[in-house]
file work_19.txt (compact mmCIF, C-alpha atoms)
# COMPACT_ATOMS: atom_id res chain seq x y z
CA MET A 1 26.36 32.27 -12.66
CA LYS A 2 28.69 34.25 -10.44
CA GLU A 3 26.16 34.92 -7.70
CA GLU A 4 26.05 32.81 -4.57
CA ASN A 5 23.24 30.28 -4.34
CA ARG A 6 21.78 31.51 -1.07
CA GLY A 7 19.02 28.93 -0.80
CA GLY A 8 21.35 25.92 -0.81
CA VAL A 9 20.22 22.36 -0.21
CA PHE A 10 17.64 23.38 2.40
CA LYS A 11 15.74 25.38 -0.22
CA TRP A 12 15.11 22.09 -2.11
CA PHE A 13 12.76 21.07 0.68
CA ASP A 14 10.77 24.29 0.74
CA PHE A 15 7.59 23.25 -1.07
CA ARG A 16 5.39 26.13 0.13
CA ASN A 17 3.78 28.10 -2.72
CA TYR A 18 5.38 25.81 -5.32
CA SER A 19 3.80 23.44 -7.82
CA LEU A 20 3.98 19.63 -7.89
CA GLU A 21 6.93 19.89 -10.29
CA ARG A 22 9.00 21.49 -7.56
CA PHE A 23 8.45 18.42 -5.36
CA LEU A 24 9.36 16.14 -8.29
CA TYR A 25 12.53 18.21 -8.86
CA THR A 26 13.67 17.62 -5.29
CA MET A 27 12.78 13.93 -5.45
CA HIS A 28 14.66 13.60 -8.76
CA ARG A 29 17.77 15.06 -7.15
CA ILE A 30 17.52 12.86 -4.04
CA SER A 31 16.88 9.71 -6.09
CA GLY A 32 19.80 10.65 -8.37
CA ILE A 33 22.17 10.98 -5.41
CA GLY A 34 20.78 7.71 -4.05
CA LEU A 35 21.51 5.96 -7.33
CA VAL A 36 25.10 7.31 -7.37
CA ILE A 37 25.55 5.81 -3.88
CA TRP A 38 24.03 2.57 -5.22
CA ILE A 39 26.58 2.51 -8.10
CA VAL A 40 29.38 2.64 -5.49
CA ILE A 41 27.79 -0.15 -3.40
CA HIS A 42 27.10 -2.30 -6.48
CA THR A 43 30.68 -1.88 -7.74
CA ILE A 44 32.14 -2.86 -4.35
CA GLN A 45 29.80 -5.89 -4.22
CA ASN A 46 31.04 -7.01 -7.62
CA ALA A 47 34.69 -6.26 -6.99
CA PHE A 48 34.81 -8.06 -3.61
CA PRO A 49 32.04 -10.70 -3.71
CA ARG A 50 33.47 -12.60 -0.74
CA LEU A 51 33.54 -9.58 1.56
CA PHE A 52 30.16 -8.22 0.44
CA PRO A 53 28.03 -11.10 -0.87
CA PHE A 54 24.90 -10.42 -2.91
CA MET A 55 21.71 -10.55 -0.95
CA TYR A 56 18.15 -10.17 -2.11
CA GLY A 57 16.35 -8.45 0.72
CA TRP A 58 13.53 -6.08 1.48
CA GLU A 59 15.95 -3.13 1.36
CA TYR A 60 15.98 -3.60 -2.42
CA THR A 61 12.44 -2.18 -2.41
CA ILE A 62 13.94 1.27 -1.71
CA LEU A 63 16.32 0.84 -4.64
CA LEU A 64 13.43 -0.15 -6.92
CA LEU A 65 11.42 2.86 -5.75
CA ILE A 66 14.16 5.39 -6.44
CA LEU A 67 15.20 3.67 -9.69
CA SER A 68 11.69 3.56 -11.14
CA PHE A 69 10.95 7.12 -10.00
CA HIS A 70 14.18 8.51 -11.46
CA ALA A 71 13.58 6.72 -14.78
CA ALA A 72 9.93 7.77 -15.15
CA ASN A 73 10.49 11.36 -14.04
CA GLY A 74 13.59 11.52 -16.26
CA VAL A 75 11.43 10.68 -19.29
CA ARG A 76 9.06 13.49 -18.27
CA LEU A 77 11.96 15.95 -17.97
CA LEU A 78 13.40 14.87 -21.32
CA ILE A 79 10.10 15.31 -23.17
CA THR A 80 9.44 18.64 -21.45
CA GLU A 81 12.99 19.89 -22.09
CA LEU A 82 12.60 19.20 -25.80
CA GLY A 83 9.47 21.38 -25.77
CA PHE A 84 6.76 18.76 -26.24
CA LEU A 85 3.40 18.78 -24.43
CA LEU A 86 3.87 22.32 -23.15
CA GLY A 87 1.08 24.89 -23.28
CA LYS A 88 1.34 27.96 -25.47
CA THR A 89 3.15 30.99 -24.09
CA TYR A 90 1.27 34.28 -23.92
CA ARG A 91 1.84 37.90 -22.96
CA PRO A 92 1.09 38.40 -19.25
CA VAL A 93 -1.82 40.77 -19.70
CA TYR A 94 -4.91 40.93 -17.50
CA PRO A 95 -7.00 38.72 -17.19
CA TYR A 96 -4.19 36.20 -16.67
CA LYS A 97 -4.52 32.67 -18.02
CA MET A 98 -3.01 29.45 -16.69
CA GLY A 99 0.73 29.02 -17.31
CA VAL A 100 2.49 26.58 -19.62
CA ILE A 101 2.84 23.84 -17.00
CA TYR A 102 -0.95 23.50 -16.68
CA GLY A 103 -3.30 21.71 -19.05
CA THR A 104 -1.58 19.00 -21.13
CA GLN A 105 1.61 19.17 -19.08
CA LYS A 106 -0.26 18.54 -15.83
CA LYS A 107 -2.06 15.50 -17.27
CA PHE A 108 1.25 14.25 -18.63
CA THR A 109 2.81 14.56 -15.16
CA VAL A 110 0.01 12.45 -13.67
CA VAL A 111 0.45 9.82 -16.44
CA ILE A 112 4.20 9.72 -15.74
CA LEU A 113 3.53 9.18 -12.02
CA LEU A 114 1.23 6.28 -12.93
CA ILE A 115 3.94 4.82 -15.20
CA PHE A 116 6.40 5.15 -12.30
CA PHE A 117 4.06 3.13 -10.10
CA ILE A 118 3.57 0.44 -12.78
CA ILE A 119 7.35 0.10 -13.39
CA PHE A 120 7.83 -0.19 -9.62
CA LEU A 121 5.17 -2.91 -9.33
CA VAL A 122 6.70 -4.94 -12.19
CA MET A 123 10.18 -4.74 -10.69
CA PHE A 124 8.79 -5.51 -7.21
CA TYR A 125 7.12 -8.63 -8.62
CA TYR A 126 10.44 -9.92 -9.94
CA LEU A 127 12.18 -9.03 -6.66
CA MET A 128 9.61 -11.13 -4.79
CA LEU A 129 10.09 -13.90 -7.34
CA ASN A 130 13.88 -13.88 -6.80
CA MET A 131 13.47 -13.69 -3.02
CA ARG A 132 11.19 -16.73 -3.34
CA VAL A 133 8.43 -14.93 -1.45
CA ILE A 134 6.14 -15.86 -4.35
CA THR A 135 6.70 -18.83 -6.63
CA MET B 1 32.07 22.19 -24.33
CA ARG B 2 29.04 24.37 -23.98
CA GLU B 3 26.70 23.70 -21.11
CA SER B 4 23.77 23.06 -23.49
CA SER B 5 25.77 20.40 -25.40
CA LEU B 6 26.69 18.70 -22.11
CA MET B 7 23.03 18.61 -21.08
CA MET B 8 21.95 17.25 -24.48
CA LEU B 9 24.55 14.47 -24.03
CA HIS B 10 23.11 13.94 -20.53
CA TYR B 11 19.66 13.31 -22.04
CA ALA B 12 21.07 11.11 -24.81
CA ALA B 13 22.87 9.07 -22.14
CA ALA B 14 19.57 8.77 -20.24
CA VAL B 15 17.85 7.25 -23.28
CA VAL B 16 20.77 4.82 -23.79
CA LEU B 17 20.55 3.94 -20.08
CA LEU B 18 16.84 3.12 -20.37
CA VAL B 19 17.56 0.54 -23.08
CA THR B 20 20.83 -0.99 -21.87
CA GLY B 21 19.80 -0.83 -18.19
CA SER B 22 16.57 -2.68 -18.96
CA ILE B 23 18.56 -5.43 -20.72
CA HIS B 24 20.94 -5.66 -17.73
CA LEU B 25 18.05 -5.88 -15.24
CA MET B 26 16.07 -8.39 -17.31
CA LYS B 27 19.10 -10.62 -17.81
CA ASN B 28 19.86 -10.77 -14.10
CA ASN B 29 16.36 -10.93 -12.66
CA ILE B 30 13.92 -12.62 -15.03
CA PRO B 31 14.27 -16.39 -14.64
CA GLY B 32 15.01 -18.16 -17.91
CA MET B 33 16.28 -15.05 -19.69
CA GLU B 34 19.68 -16.02 -21.06
CA ILE B 35 21.86 -13.39 -22.70
CA HIS B 36 25.52 -14.34 -22.91
CA GLY B 37 28.64 -13.73 -24.93
CA PRO B 38 30.10 -10.66 -26.61
CA LEU B 39 26.69 -9.09 -27.23
CA TYR B 40 26.04 -8.77 -23.50
CA LEU B 41 29.59 -7.49 -22.94
CA VAL B 42 29.03 -4.77 -25.54
CA ASN B 43 25.69 -3.93 -23.88
CA MET B 44 27.38 -3.67 -20.48
CA LEU B 45 30.21 -1.48 -21.79
CA ILE B 46 27.72 0.91 -23.43
CA PHE B 47 25.66 0.84 -20.23
CA VAL B 48 28.64 1.64 -17.99
CA SER B 49 29.84 4.44 -20.30
CA ALA B 50 26.42 6.08 -20.40
CA LEU B 51 25.92 5.50 -16.68
CA MET B 52 29.22 7.09 -15.67
CA TYR B 53 28.65 10.13 -17.89
CA HIS B 54 25.08 10.56 -16.66
CA ALA B 55 25.99 10.10 -13.00
CA MET B 56 29.07 12.32 -13.04
CA ASN B 57 27.34 15.08 -15.02
CA GLY B 58 24.41 14.87 -12.61
CA VAL B 59 26.69 15.31 -9.60
CA ARG B 60 28.50 18.16 -11.41
CA VAL B 61 25.26 19.99 -12.14
CA ILE B 62 24.13 19.72 -8.51
CA LEU B 63 27.51 20.92 -7.17
CA ILE B 64 27.71 23.82 -9.64
CA GLU B 65 24.21 24.90 -8.71
CA LEU B 66 25.20 24.94 -5.05
CA MET B 67 28.63 26.55 -5.60
CA PRO B 68 28.44 28.61 -8.81
CA LYS B 69 31.73 30.44 -8.16
CA ARG B 70 33.74 27.21 -8.29
CA SER B 71 32.18 25.79 -11.47
CA ARG B 72 35.43 25.39 -13.42
CA ALA B 73 37.26 23.61 -10.58
CA ILE B 74 34.27 21.32 -9.97
CA SER B 75 34.09 20.41 -13.67
CA TYR B 76 37.75 19.43 -13.85
CA ILE B 77 37.70 17.47 -10.58
CA ILE B 78 34.58 15.57 -11.70
CA LEU B 79 36.15 14.91 -15.13
CA VAL B 80 39.33 13.39 -13.66
CA LEU B 81 37.42 11.46 -10.99
CA GLY B 82 34.92 10.20 -13.57
CA ILE B 83 37.62 8.92 -15.94
CA ILE B 84 39.38 7.05 -13.10
CA ILE B 85 36.14 5.45 -11.82
CA TYR B 86 35.01 4.66 -15.38
CA LEU B 87 38.26 2.85 -16.19
CA TYR B 88 37.98 0.85 -12.97
CA ILE B 89 34.34 -0.17 -13.53
CA ALA B 90 34.88 -0.92 -17.25
CA ASN B 91 37.82 -3.12 -16.33
CA LEU B 92 35.68 -4.90 -13.72
CA VAL B 93 32.83 -5.41 -16.20
CA ILE B 94 35.19 -6.92 -18.81
CA ALA B 95 36.69 -9.27 -16.19
CA LEU B 96 33.28 -10.38 -14.86
CA VAL B 97 31.27 -10.70 -18.06
CA ARG B 98 33.89 -12.39 -20.25
call {"tool": "encode", "arguments": {"input": "work_19.txt", "output": "structure tokens"}}
result
Amino acid sequence: MKEENRGGVFKWFDFRNYSLERFLYTMHRISGIGLVIWIVIHTIQNAFPRLFPFMYGWEYTILLLILSFHAANGVRLLITELGFLLGKTYRPVYPYKMGVIYGTQKKFTVVILLIFFIIFLVMFYYLMLNMRVIT
Amino acid sequence: MRESSLMMLHYAAAVVLLVTGSIHLMKNNIPGMEIHGPLYLVNMLIFVSALMYHAMNGVRVILIELMPKRSRAISYIILVLGIIIYLYIANLVIALVR
């Protein structure tokens, strides 16, 4: 832990030669930071409702996107961290087999991305309902 | 506390957030869904507690990963900052929901 992290923030965006999980890792971080910023905005809106009135607008779509992504991907990370749905480990002897993040884990990742999209659609529906775009 | 215990709390807070956050969103956005009274206040207080821990620990983890040499200082700064912000938001929630 005492070594300098030479890659820094810019290394988050280096997706070359990395798996899909690397991209999800970066997106999880960005959405997390976005949600922290949202907590600040939401608190200010509630503390000073006259200065910053509530508005339902299209910009909420971004919030819904990052919220649903962070929640769905968080569930994936939680289940993976606890050791479920991972492939079996093996000694790296020739001929090499696929690693632990392939197989069940890969399918699980795809399912989680689908769940993310469904959560987003449900929340988007209620946003449209509250914006009175649909009745 | 050990780093592994802090991360396990982080995940526990995430599960709590999924439940309490869903209740908060449903109450405020689904027309006709009425949840009032002390039950909703308790839900909001649990939600805010879990949210502040999860958010502050998340920021701490990112900062420590970027600046590993200053991990102790970052942890203490985040702890103090988190307690102050938590007290403010909890106070606001009690005033607004009651």
call {"tool": "interface_residues", "arguments": {"input": "work_19.txt", "of": "chain B", "to": "chain A", "cutoff": "9 Å", "atoms": "only C-alpha atoms", "output": "tab-separated table (two decimals) with C-alpha atoms, in the frame of the given file"}}
result
chain	number	residue	atom	x	y	z
B	11	TYR	CA	19.66	13.31	-22.04
B	14	ALA	CA	19.57	8.77	-20.24
B	15	VAL	CA	17.85	7.25	-23.28
B	18	LEU	CA	16.84	3.12	-20.37
B	29	ASN	CA	16.36	-10.93	-12.66
B	30	ILE	CA	13.92	-12.62	-15.03
B	31	PRO	CA	14.27	-16.39	-14.64
B	55	ALA	CA	25.99	10.10	-13.00
B	56	MET	CA	29.07	12.32	-13.04
B	58	GLY	CA	24.41	14.87	-12.61
B	59	VAL	CA	26.69	15.31	-9.60
B	62	ILE	CA	24.13	19.72	-8.51
B	65	GLU	CA	24.21	24.90	-8.71
B	66	LEU	CA	25.20	24.94	-5.05
B	67	MET	CA	28.63	26.55	-5.60
B	68	PRO	CA	28.44	28.61	-8.81
B	69	LYS	CA	31.73	30.44	-8.16
B	70	ARG	CA	33.74	27.21	-8.29
B	71	SER	CA	32.18	25.79	-11.47
B	89	ILE	CA	34.34	-0.17	-13.53
B	92	LEU	CA	35.68	-4.90	-13.72
B	93	VAL	CA	32.83	-5.41	-16.20
B	96	LEU	CA	33.28	-10.38	-14.86
call {"tool": "closest_residue", "arguments": {"input": "work_19.txt", "among": "A:Met131, A:Leu121, A:Leu65, A:Ile101", "to": "Leu86 of chain A", "atoms": "all atoms listed in the file"}}
result
A:Ile101
call {"tool": "residues_around", "arguments": {"input": "work_19.txt", "residues": "Leu113 of chain A", "least_positions_apart": "2", "cutoff": "10 Å", "atoms": "only C-alpha atoms", "output": "ChimeraX atom specification"}}
result
/A:24,68-69,72-73,76,107-111,115-119
call {"tool": "residues_around", "arguments": {"input": "work_19.txt", "residues": "Ile83 of chain B", "least_positions_apart": "5", "cutoff": "9 Å", "atoms": "only C-alpha atoms", "output": "list in words"}}
result
Met52, Ile78 and Tyr88 of chain B
call {"tool": "atom_distance", "arguments": {"input": "work_19.txt", "atom1": "atom CA of Phe52 of chain A", "atom2": "atom CA of Ile77 of chain B"}}
result
29.0 Å
call {"tool": "residues_around", "arguments": {"input": "work_19.txt", "residues": "Val48 of chain B", "least_positions_apart": "3", "cutoff": "8 Å", "atoms": "all atoms listed in the file", "output": "MDAnalysis selection string"}}
result
chainID B and resid 44:45 51:52 86 89:90
call {"tool": "residues_around", "arguments": {"input": "work_19.txt", "residues": "Met128 of chain A", "least_positions_apart": "6", "cutoff": "10 Å", "atoms": "all atoms listed in the file", "output": "PyMOL selection string"}}
result
chain A and resi 56-58+61+134-135
call {"tool": "atom_distance", "arguments": {"input": "work_19.txt", "atom1": "atom CA of Arg98 of chain B", "atom2": "atom CA of Pro38 of chain B"}}
result
7.6 Å
call {"tool": "closest_residue", "arguments": {"input": "work_19.txt", "among": "B:Tyr40, B:Ser22, B:Val97, B:His10", "to": "Tyr53 of chain B", "atoms": "all atoms listed in the file"}}
result
B:His10
call {"tool": "atom_distance", "arguments": {"input": "work_19.txt", "atom1": "atom CA of Ile46 of chain B", "atom2": "atom CA of Thr20 of chain B"}}
result
7.3 Å
call {"tool": "residues_around", "arguments": {"input": "work_19.txt", "residues": "Thr26 of chain A", "least_positions_apart": "3", "cutoff": "10 Å", "atoms": "only C-alpha atoms", "output": "number ranges by chain"}}
result
A: 9, 11-15, 21-23, 29-32
